[in-house]
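**Student:** Structure: work.txt, compact mmCIF, C-alpha atoms.
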```
# COMPACT_ATOMS: atom_id res chain seq x y z
CA MET I 1 -15.27 -29.08 37.84
CA ASP I 2 -15.19 -25.29 38.26
CA THR I 3 -15.47 -24.03 34.69
CA SER I 4 -15.04 -20.37 35.66
CA SER I 5 -11.38 -20.79 36.65
CA PRO I 6 -8.67 -21.27 34.07
CA PHE I 7 -7.80 -24.90 33.50
CA ASN I 8 -4.17 -24.80 34.63
CA ILE I 9 -2.03 -27.85 34.01
CA LEU I 10 1.12 -29.21 35.68
CA ILE I 11 3.43 -31.51 33.72
CA VAL I 12 5.86 -33.55 35.85
CA ASP I 13 8.69 -35.46 34.17
CA ASP I 14 12.45 -35.54 34.68
CA SER I 15 12.96 -35.17 30.92
CA ALA I 16 12.69 -31.55 29.80
CA MET I 17 12.15 -32.73 26.23
CA MET I 18 9.24 -34.94 27.29
CA ARG I 19 7.68 -32.04 29.19
CA ALA I 20 8.06 -29.85 26.09
CA MET I 21 6.42 -32.47 23.89
CA ILE I 22 3.45 -32.90 26.21
CA LYS I 23 3.13 -29.11 26.49
CA ARG I 24 3.07 -28.80 22.69
CA ALA I 25 0.44 -31.52 22.41
CA VAL I 26 -1.68 -29.77 25.04
CA LYS I 27 -1.49 -26.49 23.12
CA LEU I 28 -2.49 -28.23 19.87
CA SER I 29 -5.30 -30.21 21.44
CA GLY I 30 -7.97 -27.60 20.83
CA VAL I 31 -8.89 -27.69 24.51
CA GLU I 32 -8.82 -24.33 26.23
CA VAL I 33 -6.23 -24.43 28.97
CA GLY I 34 -4.78 -21.77 31.27
CA THR I 35 -1.15 -21.77 32.36
CA ILE I 36 0.97 -24.86 31.77
CA HIS I 37 3.43 -25.37 34.63
CA GLU I 38 6.31 -27.82 34.69
CA ALA I 39 8.26 -29.73 37.31
CA ALA I 40 11.17 -32.15 37.01
CA ASN I 41 10.21 -34.42 39.90
CA GLY I 42 7.58 -34.98 42.55
CA GLN I 43 9.20 -32.64 45.05
CA GLU I 44 9.19 -29.72 42.62
CA ALA I 45 5.63 -30.60 41.68
CA LEU I 46 4.47 -30.27 45.29
CA GLY I 47 5.95 -26.78 45.34
CA VAL I 48 4.02 -25.82 42.22
CA LEU I 49 0.81 -27.35 43.59
CA GLU I 50 1.17 -25.37 46.81
CA ALA I 51 1.77 -22.10 44.95
CA HIS I 52 -0.69 -22.34 42.06
CA ALA I 53 -4.24 -23.43 41.33
CA ILE I 54 -3.79 -26.54 39.22
CA ALA I 55 -6.73 -28.33 37.62
CA ALA I 56 -4.92 -31.30 36.10
CA LEU I 57 -1.61 -33.04 36.66
CA PHE I 58 0.28 -35.16 34.14
CA THR I 59 2.98 -37.08 35.94
CA ASP I 60 5.66 -39.64 35.16
CA ILE I 61 6.39 -42.40 37.68
CA ASN I 62 10.13 -43.06 37.61
CA MET I 63 11.80 -39.79 38.59
CA PRO I 64 14.71 -38.91 40.88
CA VAL I 65 14.22 -37.08 44.22
CA MET I 66 10.52 -38.00 44.44
CA THR I 67 8.70 -40.51 42.25
CA GLY I 68 5.28 -39.98 40.72
CA THR I 69 3.78 -42.57 43.06
CA GLU I 70 5.10 -40.74 46.11
CA LEU I 71 3.81 -37.45 44.68
CA LEU I 72 0.34 -38.94 44.37
CA ARG I 73 0.54 -40.25 47.94
CA GLN I 74 1.54 -36.79 49.19
CA MET I 75 -1.37 -35.25 47.28
CA ALA I 76 -3.76 -37.76 48.81
CA ALA I 77 -2.38 -37.06 52.29
CA ARG I 78 -3.03 -33.34 51.74
CA GLY I 79 -6.61 -34.03 50.60
CA TRP I 80 -6.09 -32.48 47.14
CA THR I 81 -8.93 -34.40 45.58
CA HIS I 82 -9.96 -31.65 43.16
CA ILE I 83 -6.94 -32.10 40.91
CA VAL I 84 -7.36 -34.48 37.97
CA ARG I 85 -4.46 -36.94 38.01
CA VAL I 86 -3.10 -38.46 34.82
CA ILE I 87 -0.11 -40.77 34.81
CA VAL I 88 2.16 -40.60 31.74
CA SER I 89 4.67 -43.37 32.17
CA THR I 90 6.63 -46.03 30.43
CA ASP I 91 5.55 -48.33 33.27
CA GLY I 92 2.12 -49.64 32.37
CA SER I 93 2.51 -52.91 34.23
CA GLU I 94 -0.39 -54.36 36.19
CA ALA I 95 1.79 -54.26 39.30
CA ARG I 96 2.23 -50.49 38.98
CA ARG I 97 -1.41 -49.86 38.15
CA GLU I 98 -2.31 -51.83 41.25
CA GLU I 99 0.11 -49.74 43.31
CA VAL I 100 -1.62 -46.49 42.28
CA ARG I 101 -5.15 -47.86 42.26
CA ASP I 102 -6.22 -46.05 45.41
CA LEU I 103 -4.52 -42.76 44.54
CA ASP I 104 -7.32 -41.22 42.45
CA VAL I 105 -5.64 -41.68 39.10
CA ARG I 106 -8.16 -40.65 36.44
CA MET I 107 -6.29 -41.79 33.35
CA TYR I 108 -3.13 -43.67 32.47
CA VAL I 109 -1.14 -42.89 29.33
CA GLU I 110 1.57 -45.39 28.51
CA LYS I 111 4.77 -44.21 26.87
CA PRO I 112 5.45 -44.40 23.99
CA PHE I 113 2.38 -42.45 22.97
CA ALA I 114 1.30 -40.50 19.92
CA PRO I 115 0.61 -36.78 20.51
CA GLU I 116 -3.09 -37.44 19.91
CA ALA I 117 -3.21 -39.39 23.17
CA ILE I 118 -2.74 -36.15 25.12
CA ARG I 119 -5.58 -34.52 23.18
CA ASP I 120 -7.81 -37.52 23.89
CA VAL I 121 -7.03 -37.37 27.61
CA LEU I 122 -7.82 -33.65 27.77
CA ALA I 123 -11.04 -34.16 25.86
CA GLU I 124 -12.02 -36.84 28.38
CA VAL I 125 -11.11 -34.95 31.56
CA CYS I 126 -12.61 -31.69 30.33
CA HIS I 127 -15.84 -33.33 29.19
CA MET H 1 10.91 -65.29 22.34
CA SER H 2 14.51 -64.46 23.31
CA SER H 3 14.98 -61.64 25.77
CA LEU H 4 16.88 -59.53 23.25
CA LYS H 5 14.11 -59.91 20.66
CA SER H 6 11.55 -58.65 23.13
CA VAL H 7 13.83 -55.67 23.86
CA THR H 8 14.26 -54.90 20.15
CA ASP H 9 10.49 -55.18 19.72
CA ALA H 10 10.15 -52.57 22.45
CA VAL H 11 12.73 -50.34 20.75
CA ALA H 12 10.77 -50.59 17.49
CA SER H 13 7.53 -49.73 19.24
CA VAL H 14 9.08 -46.64 20.84
CA ALA H 15 10.77 -45.53 17.61
CA GLU H 16 7.57 -45.76 15.62
CA ARG H 17 5.02 -44.49 18.10
CA SER H 18 6.73 -41.46 19.62
CA PHE H 19 9.56 -40.75 17.19
CA PHE H 20 7.85 -41.58 13.86
CA ALA H 21 10.94 -43.56 12.90
CA PHE H 22 10.92 -46.79 10.91
CA ALA H 23 12.65 -49.55 12.86
CA GLU H 24 13.56 -53.10 11.91
CA THR H 25 15.96 -55.74 13.11
CA THR H 26 18.94 -56.59 10.95
CA ASP H 27 21.36 -59.46 10.71
CA ALA H 28 23.58 -57.66 8.21
CA ASP H 29 27.12 -57.23 9.50
CA VAL H 30 26.97 -53.46 9.90
CA PRO H 31 28.99 -51.49 12.45
CA VAL H 32 27.55 -48.68 14.53
CA ALA H 33 30.24 -46.20 13.60
CA GLY H 34 31.25 -42.58 13.96
CA ASP H 35 30.20 -40.29 16.78
CA CYS H 36 27.60 -42.07 18.85
CA TYR H 37 25.60 -41.89 22.05
CA GLU H 38 25.71 -44.81 24.41
CA ILE H 39 22.51 -44.88 26.47
CA CYS H 40 22.43 -47.05 29.59
CA VAL H 41 19.28 -47.63 31.58
CA ALA H 42 19.60 -49.76 34.70
CA PHE H 43 16.53 -51.45 36.13
CA THR H 44 15.53 -53.33 39.24
CA GLY H 45 12.39 -55.22 40.14
CA ALA H 46 11.70 -58.92 39.67
CA PHE H 47 15.28 -59.01 38.41
CA ALA H 48 17.96 -56.43 37.74
CA GLY H 49 20.09 -55.46 34.80
CA VAL H 50 20.92 -52.89 32.17
CA VAL H 51 19.64 -52.09 28.71
CA ARG H 52 22.32 -50.46 26.59
CA ILE H 53 21.63 -48.77 23.25
CA VAL H 54 24.30 -47.24 21.02
CA MET H 55 23.16 -44.97 18.20
CA PRO H 56 24.82 -42.42 15.90
CA ILE H 57 24.42 -38.86 17.13
CA ALA H 58 23.04 -38.01 13.68
CA LEU H 59 20.19 -40.44 14.33
CA ALA H 60 19.65 -38.98 17.79
CA HIS H 61 19.28 -35.59 16.09
CA GLU H 62 16.67 -36.97 13.67
CA LEU H 63 14.75 -38.61 16.49
CA CYS H 64 14.87 -35.42 18.52
CA THR H 65 13.48 -33.26 15.74
CA ALA H 66 10.73 -35.76 15.00
CA PHE H 67 9.75 -36.14 18.67
CA SER H 68 9.71 -32.43 19.33
CA GLY H 69 8.06 -31.41 16.08
CA LEU H 70 11.10 -29.36 15.04
CA GLY H 71 12.27 -28.87 11.48
CA PRO H 72 15.32 -30.75 10.18
CA ASP H 73 17.40 -27.56 10.12
CA ASP H 74 16.51 -26.46 13.63
CA VAL H 75 19.44 -26.24 16.01
CA ILE H 76 19.17 -28.47 19.06
CA ALA H 77 21.22 -27.88 22.18
CA GLN H 78 23.57 -30.67 23.17
CA ASP H 79 21.89 -31.23 26.52
CA SER H 80 18.47 -31.48 24.84
CA LEU H 81 19.83 -34.07 22.44
CA SER H 82 21.33 -36.04 25.28
CA ASP H 83 18.10 -35.72 27.29
CA LEU H 84 16.05 -37.14 24.46
CA ALA H 85 18.48 -39.94 23.73
CA GLY H 86 18.12 -40.89 27.37
CA GLU H 87 14.34 -40.70 27.13
CA PHE H 88 14.44 -43.00 24.11
CA GLY H 89 16.38 -45.54 26.17
CA ASN H 90 14.10 -45.02 29.15
CA MET H 91 10.99 -45.69 27.08
CA ALA H 92 12.51 -48.72 25.38
CA CYS H 93 13.53 -50.29 28.69
CA GLY H 94 10.22 -49.46 30.34
CA THR H 95 8.16 -50.74 27.43
CA TRP H 96 10.10 -54.01 27.47
CA LEU H 97 9.67 -54.46 31.22
CA THR H 98 5.98 -53.55 31.06
CA GLY H 99 5.53 -56.25 28.43
CA LEU H 100 7.02 -58.84 30.76
CA ASP H 101 4.26 -58.01 33.22
CA GLU H 102 6.10 -59.29 36.26
CA PRO H 103 4.16 -59.27 39.56
CA VAL H 104 6.74 -56.95 41.14
CA CYS H 105 7.00 -53.27 40.15
CA PHE H 106 10.15 -52.33 38.32
CA SER H 107 12.22 -49.16 38.74
CA LEU H 108 14.44 -47.46 36.22
CA THR H 109 17.45 -45.34 36.98
CA THR H 110 17.91 -42.02 35.24
CA PRO H 111 19.47 -42.90 31.87
CA VAL H 112 23.22 -42.36 31.59
CA VAL H 113 24.11 -40.96 28.18
CA SER H 114 27.72 -40.70 27.11
CA GLN H 115 29.41 -39.87 23.83
CA ARG H 116 31.46 -42.56 22.21
CA SER H 117 33.50 -42.34 19.03
CA GLU H 118 33.74 -45.56 17.02
CA PRO H 119 32.16 -47.60 19.79
CA GLY H 120 32.95 -50.92 18.13
CA LYS H 121 29.39 -52.23 18.21
CA ARG H 122 27.52 -54.23 15.59
CA ALA H 123 24.03 -53.24 14.61
CA VAL H 124 21.08 -55.38 15.63
CA MET H 125 18.56 -52.88 14.36
CA LEU H 126 18.17 -50.18 11.75
CA VAL H 127 16.24 -47.10 12.79
CA ASN H 128 15.52 -44.73 9.91
CA ASP H 129 17.90 -47.02 8.03
CA GLN H 130 20.73 -46.21 10.46
CA PRO H 131 22.42 -48.89 12.55
CA ILE H 132 21.96 -49.11 16.30
CA SER H 133 23.10 -51.71 18.76
CA VAL H 134 20.91 -52.97 21.58
CA GLU H 135 22.25 -55.03 24.46
CA LEU H 136 20.63 -56.52 27.51
CA GLU H 137 22.58 -57.56 30.59
CA ILE H 138 20.72 -59.35 33.35
CA GLU H 139 22.32 -59.72 36.75
CA ARG H 140 22.44 -63.34 37.79
CA MET C 1 -12.55 -44.60 16.53
CA LEU C 2 -14.35 -46.68 13.90
CA GLU C 3 -18.12 -46.58 13.51
CA LEU C 4 -19.74 -49.45 11.69
CA CYS C 5 -22.87 -48.14 10.03
CA THR C 6 -24.74 -47.97 6.78
CA ALA C 7 -25.10 -44.61 5.10
CA PRO C 8 -28.57 -43.81 3.79
CA PRO C 9 -28.74 -43.66 0.01
CA SER C 10 -28.33 -40.15 -1.37
CA ALA C 11 -31.31 -38.50 -3.02
CA GLN C 12 -29.07 -37.24 -5.83
CA PRO C 13 -25.93 -38.98 -7.05
CA LYS C 14 -22.91 -36.91 -6.20
CA ARG C 15 -20.37 -35.68 -8.70
CA ARG C 16 -17.24 -37.79 -8.31
CA ILE C 17 -13.85 -36.11 -8.20
CA VAL C 18 -11.42 -38.97 -8.71
CA VAL C 19 -7.93 -38.59 -7.24
CA GLY C 20 -5.34 -40.89 -8.74
CA ILE C 21 -2.09 -42.11 -7.23
CA GLY C 22 0.17 -39.14 -6.60
CA GLU C 23 -2.64 -36.63 -7.06
CA PHE C 24 -4.75 -34.44 -4.82
CA ALA C 25 -7.95 -32.44 -4.92
CA VAL C 26 -9.57 -29.72 -2.85
CA SER C 27 -13.23 -28.84 -3.25
CA ASN C 28 -16.00 -26.75 -1.75
CA ASP C 29 -18.65 -28.19 -4.07
CA ARG C 30 -21.20 -29.72 -1.71
CA ALA C 31 -22.60 -31.82 -4.53
CA SER C 32 -19.29 -33.65 -4.91
CA VAL C 33 -17.52 -36.64 -3.47
CA ILE C 34 -13.72 -36.91 -3.64
CA VAL C 35 -12.75 -40.51 -4.29
CA THR C 36 -9.48 -42.35 -4.41
CA HIS C 37 -8.94 -46.04 -5.08
CA ALA C 38 -6.22 -48.64 -4.59
CA LEU C 39 -4.91 -47.35 -1.28
CA GLY C 40 -2.54 -50.19 -0.55
CA SER C 41 0.73 -49.02 0.87
CA CYS C 42 -0.25 -45.49 -0.16
CA ILE C 43 -1.72 -43.06 2.34
CA ALA C 44 -4.71 -40.81 1.80
CA VAL C 45 -4.61 -37.65 3.90
CA CYS C 46 -8.17 -36.36 4.17
CA VAL C 47 -8.72 -32.81 5.36
CA TRP C 48 -12.08 -31.30 6.29
CA ASP C 49 -12.81 -27.80 7.58
CA PRO C 50 -16.36 -27.84 9.00
CA ALA C 51 -16.60 -24.06 9.11
CA ALA C 52 -15.36 -23.38 5.58
CA LYS C 53 -17.06 -26.54 4.29
CA VAL C 54 -13.98 -27.44 2.29
CA ALA C 55 -12.59 -30.92 1.78
CA GLY C 56 -9.18 -31.97 0.51
CA LEU C 57 -7.64 -35.35 -0.21
CA ILE C 58 -4.19 -36.44 -1.35
CA HIS C 59 -3.08 -39.93 -2.41
CA VAL C 60 0.56 -40.20 -1.32
CA LEU C 61 2.67 -42.93 -2.87
CA LEU C 62 6.06 -42.60 -1.17
CA PRO C 63 7.42 -40.94 1.96
CA ASP C 64 10.42 -38.93 0.82
CA SER C 65 10.95 -36.89 -2.36
CA ARG C 66 14.72 -37.09 -2.03
CA ILE C 67 14.63 -40.56 -3.53
CA ASN C 68 13.40 -39.12 -6.85
CA PRO C 69 13.68 -35.32 -7.05
CA ALA C 70 12.87 -35.29 -10.77
CA ARG C 71 9.56 -37.02 -10.20
CA ALA C 72 8.88 -34.87 -7.15
CA SER C 73 9.22 -31.72 -9.19
CA GLU C 74 6.78 -33.06 -11.79
CA GLN C 75 4.42 -34.77 -9.38
CA PRO C 76 4.90 -33.36 -5.88
CA ALA C 77 1.74 -35.02 -4.59
CA ALA C 78 3.34 -38.42 -5.01
CA PHE C 79 5.55 -37.83 -1.97
CA ALA C 80 4.50 -37.09 1.59
CA ASP C 81 7.05 -34.33 2.21
CA THR C 82 6.16 -32.35 -0.91
CA GLY C 83 2.54 -33.36 -1.34
CA VAL C 84 1.02 -32.84 2.08
CA PRO C 85 2.20 -29.22 2.37
CA LEU C 86 0.86 -28.64 -1.15
CA LEU C 87 -2.53 -30.04 -0.11
CA PHE C 88 -2.69 -27.70 2.86
CA ARG C 89 -1.49 -24.64 0.93
CA THR C 90 -4.18 -25.24 -1.66
CA ALA C 91 -6.78 -25.78 1.03
CA TYR C 92 -5.84 -22.45 2.61
CA GLU C 93 -6.68 -20.75 -0.69
CA TYR C 94 -10.19 -22.12 -0.25
CA GLY C 95 -10.45 -20.56 3.20
CA VAL C 96 -9.40 -23.55 5.28
CA ASP C 97 -7.98 -22.78 8.73
CA LYS C 98 -5.47 -25.37 9.93
CA LYS C 99 -6.67 -25.05 13.52
CA ARG C 100 -10.20 -26.09 12.51
CA CYS C 101 -9.15 -29.01 10.33
CA HIS C 102 -10.25 -32.56 10.89
CA VAL C 103 -7.47 -34.70 9.49
CA ARG C 104 -7.92 -38.39 8.88
CA LEU C 105 -5.50 -40.95 7.47
CA VAL C 106 -6.39 -44.00 5.43
CA GLY C 107 -4.13 -46.66 3.94
CA GLY C 108 -0.56 -47.63 4.74
CA ALA C 109 -1.25 -51.34 4.38
CA ASP C 110 1.29 -54.08 3.85
CA ILE C 111 -0.13 -55.56 0.69
CA THR C 112 2.73 -57.87 -0.19
CA ARG C 113 1.14 -60.83 1.52
CA ALA C 114 -2.17 -60.23 -0.21
CA ALA C 115 -0.42 -59.92 -3.55
CA ALA C 116 2.13 -62.70 -3.25
CA GLY C 117 0.45 -64.98 -0.79
CA ILE C 118 3.81 -65.68 0.84
CA ALA C 119 5.91 -63.93 3.45
CA ALA C 120 7.91 -61.06 1.94
CA ALA C 121 11.64 -61.53 1.63
CA GLY C 122 14.47 -59.71 -0.09
CA ALA C 123 13.11 -57.03 -2.37
CA GLY C 124 9.66 -57.89 -1.10
CA LYS C 125 10.75 -56.90 2.38
CA ASP C 126 11.29 -53.33 1.21
CA ALA C 127 7.88 -53.36 -0.46
CA ALA C 128 6.36 -54.59 2.76
CA SER C 129 7.70 -51.60 4.65
CA VAL C 130 6.48 -48.86 2.32
CA GLY C 131 3.04 -48.65 3.90
CA LYS C 132 4.47 -48.16 7.36
CA ARG C 133 7.12 -45.74 6.11
CA ASN C 134 4.43 -43.68 4.40
CA LEU C 135 2.37 -43.60 7.57
CA LEU C 136 5.31 -42.58 9.75
CA ALA C 137 6.37 -39.87 7.29
CA VAL C 138 2.88 -38.39 7.15
CA ARG C 139 2.43 -38.49 10.93
CA SER C 140 5.82 -36.86 11.46
CA LEU C 141 5.05 -34.13 8.96
CA LEU C 142 1.67 -33.38 10.49
CA TRP C 143 3.09 -33.22 14.02
CA ARG C 144 5.90 -30.93 12.86
CA ASN C 145 3.32 -28.63 11.32
CA GLY C 146 1.13 -28.59 14.41
CA VAL C 147 -1.64 -30.84 13.13
CA LEU C 148 -3.11 -33.70 15.16
CA VAL C 149 -4.84 -36.62 13.47
CA GLN C 150 -8.48 -37.00 14.34
CA LYS C 151 -9.06 -40.56 13.18
CA GLU C 152 -7.35 -43.17 11.05
CA ALA C 153 -7.98 -46.43 9.25
CA VAL C 154 -4.46 -47.68 8.54
CA GLY C 155 -2.32 -50.79 8.39
CA GLY C 156 -3.60 -54.27 7.77
CA ASN C 157 -3.06 -56.16 4.55
CA ASP C 158 -5.87 -55.07 2.26
CA PRO C 159 -6.14 -52.14 -0.13
CA ARG C 160 -8.84 -49.60 0.54
CA THR C 161 -10.99 -47.11 -1.34
CA VAL C 162 -12.07 -43.92 0.35
CA ALA C 163 -14.81 -41.49 -0.65
CA MET C 164 -15.06 -38.13 1.11
CA ASP C 165 -18.37 -36.30 0.95
CA VAL C 166 -17.62 -32.60 0.46
CA SER C 167 -20.93 -31.58 2.01
CA ASP C 168 -20.05 -32.87 5.47
CA GLY C 169 -16.54 -34.36 5.37
CA THR C 170 -17.61 -37.91 6.16
CA LEU C 171 -15.43 -40.68 4.80
CA GLN C 172 -16.74 -43.93 3.43
CA ILE C 173 -14.03 -46.58 3.50
CA SER C 174 -14.36 -49.79 1.56
CA SER C 175 -12.26 -52.78 0.65
CA GLY C 176 -12.95 -55.47 -1.89
CA GLY C 177 -16.15 -53.71 -2.87
CA GLU C 178 -17.55 -53.90 0.63
CA THR C 179 -18.15 -50.78 2.71
CA LEU C 180 -16.31 -51.25 5.97
CA TYR C 181 -17.09 -48.16 7.94
CA HIS C 182 -17.46 -44.43 8.03
CA LEU C 183 -15.16 -41.98 9.78
```
Go through the file and emit its structure as structure tokens.

**Tutor:**
Amino acid sequence: MDTSSPFNILIVDDSAMMRAMIKRAVKLSGVEVGTIHEAANGQEALGVLEAHAIAALFTDINMPVMTGTELLRQMAARGWTHIVRVIVSTDGSEARREEVRDLDVRMYVEKPFAPEAIRDVLAEVCH
Amino acid sequence: MSSLKSVTDAVASVAERSFFAFAETTDADVPVAGDCYEICVAFTGAFAGVVRIVMPIALAHELCTAFSGLGPDDVIAQDSLSDLAGEFGNMACGTWLTGLDEPVCFSLTTPVVSQRSEPGKRAVMLVNDQPISVELEIER
Amino acid sequence: MLELCTAPPSAQPKRRIVVGIGEFAVSNDRASVIVTHALGSCIAVCVWDPAAKVAGLIHVLLPDSRINPARASEQPAAFADTGVPLLFRTAYEYGVDKKRCHVRLVGGADITRAAAGIAAAGAGKDAASVGKRNLLAVRSLLWRNGVLVQKEAVGGNDPRTVAMDVSDGTLQISSGGETLYHL
């Protein structure tokens, strides 16, 4: 990981309140991060990823317009392997995990989660 | 374990873990009264159906402040309250379906949240000591 | 999260600052240990600032002071909503910075089974929920105030004792006279 660039984060979830909660947990985590971007679905997320240098992505799965799984497939198709991918989803089923197994998912946070889970993920991916 | 019990277990898990709310089932004959949100989350996958939760708007406000880390006197916009009520339903439905661990992926629709006054529901759970109803409809 | 280990015996016995139910203590005396016993449904919130070398501990009995405002005014530390802010405000006077704090939670057990030996019912059901209610109230309060929990030893059915070493913030947690682990 390039430690000289700011560690910018993208949070993707169709719930604005969920995005706000994750953003707050990121800010309280003690991990130094750069800009925290947000997107309400996979399509918006692609736009952010094309326009900004993002180091880590936190994405939901079930979203309108474009799901998290499709977003990850689009990222893989574009060869964006440098971005750390974290799924934050209420769907923690083995079937879903199998579906995303080859899409470079680094960590999987199941909803519901305590705010500390976001800190723990950041500590792991920034280690 | 009945289907509804596994759904109420999921509701309790969501309430406690992300909303810091104490949740328990109840068999007391208590109505879910006053101004309420009805939250409907439809799902498809190994089977299809709807999870429906009705809760007092006052409870939704408490859950919202707890989830967001706001103070009890903070003003919350109506659409934020509705958003979070929907997210509560979304998480409850998803947690329940994840627990079933079916071999086929499930999908959830965007929660539909509507206001109901005196919805005529009976409580199956108490969340922060306030009554909520939880229903599960499975398409046959 | 939990590390099973045996602490080496201290060269000098530490001064014990005993915190009772509904009490709290903050100390920067490196020769001291803050101790609280009988953490059943109660929650101990343990705060440690490694830079200021200050430790604080509160033994919370109940979640919400609104159920007994008279007691809360006499003994604010008995309730999570009045006690935890008091712990932090006192800790700030010792030079603690909230952003540096390591916060750990201990307790919140359901001790009704251990005490009665039977499943709780009726009034016992309320007693069974106090531990969880305390834990939820403390977690909610900490989140609202921008504090994340570092580690916790909570739940279960057995009461605990916790001793916090003021020199380095380590917790020794025991139950039934047996040291379980250190956080």

**Student:** Find the residues in chain I near chain H: any atom within 6 Å counts, using only C-alpha atoms. Write them as a list of chain:residue names.

**Tutor:** I:Met21, I:Thr90, I:Asp91, I:Gly92, I:Ser93, I:Ala95, I:Arg96, I:Pro112, I:Phe113, I:Ala114

**Student:** Excluding same-chain residues fewer than 5 positions from I:Ile54, what lies within 7 Å of it counting all atoms listed in the file, as a list in words?

**Tutor:**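 The contact residues come out as Asn8, Ile9, Leu10, Leu49 and Ile83 of chain I.
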
**Student:** Enter the distance from atom CA of C:Asp64 to atom CA of C:Gly146, in Å, rounded to one decimal.

**Tutor:**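 For atom CA of C:Asp64 relative to atom CA of C:Gly146, the distance reads 19.4 Å.
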
**Student:** Which residues come within 7 Å of I:Gly42, counting only C-alpha atoms, excluding same-chain residues fewer than 3 positions away, as a list in words?

**Tutor:** Ala45, Leu46, Met66, Thr67, Gly68 and Leu71 of chain I

**Student:** With all atoms listed in the file considered, list every residue of chain I at most 10 Å from chain C, as a PyMOL selection string.

**Tutor:** chain I and resi 24-25+27-30+114-117+119-120

**Student:** Give the answer as one residue: which of H:Val54, H:Val7, H:Ala21, H:Ile39 has the shortest atom-to-atom distance to chain C, using all atoms listed in the file?

**Tutor:**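 Going through H:Val54, H:Val7, H:Ala21, H:Ile39 one by one, the smallest distance to chain C is for H:Ala21.
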
**Student:** Could you please tell me, as a CSV table (one decimal) with C-alpha atoms, keeping the file's coordinate frame, which residues of chain C have an atom within 6 Å of chain H when using only C-alpha atoms?

**Tutor:**
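This is the output file selection_11.csv:
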```csv
chain,number,residue,atom,x,y,z
C,136,LEU,CA,5.3,-42.6,9.8
C,140,SER,CA,5.8,-36.9,11.5
C,143,TRP,CA,3.1,-33.2,14.0
C,144,ARG,CA,5.9,-30.9,12.9
```

**Student:** Just the residues within 9 Å of C:Ser167, please, counting only C-alpha atoms, with nothing from its chain fewer than 5 positions along; format it as a VMD selection string.

**Tutor:** chain C and resid 28 to 33 53 to 55

**Student:** Could you write out the selected residues, including C-alpha atoms, as an mmCIF file, in the frame of the given file?

**Tutor:**
```
data_model
loop_
_atom_site.group_PDB
_atom_site.id
_atom_site.type_symbol
_atom_site.label_atom_id
_atom_site.label_comp_id
_atom_site.auth_asym_id
_atom_site.auth_seq_id
_atom_site.Cartn_x
_atom_site.Cartn_y
_atom_site.Cartn_z
ATOM 1 C CA ASN C 28 -16.000 -26.750 -1.750
ATOM 2 C CA ASP C 29 -18.650 -28.190 -4.070
ATOM 3 C CA ARG C 30 -21.200 -29.720 -1.710
ATOM 4 C CA ALA C 31 -22.600 -31.820 -4.530
ATOM 5 C CA SER C 32 -19.290 -33.650 -4.910
ATOM 6 C CA VAL C 33 -17.520 -36.640 -3.470
ATOM 7 C CA LYS C 53 -17.060 -26.540 4.290
ATOM 8 C CA VAL C 54 -13.980 -27.440 2.290
ATOM 9 C CA ALA C 55 -12.590 -30.920 1.780
#
```
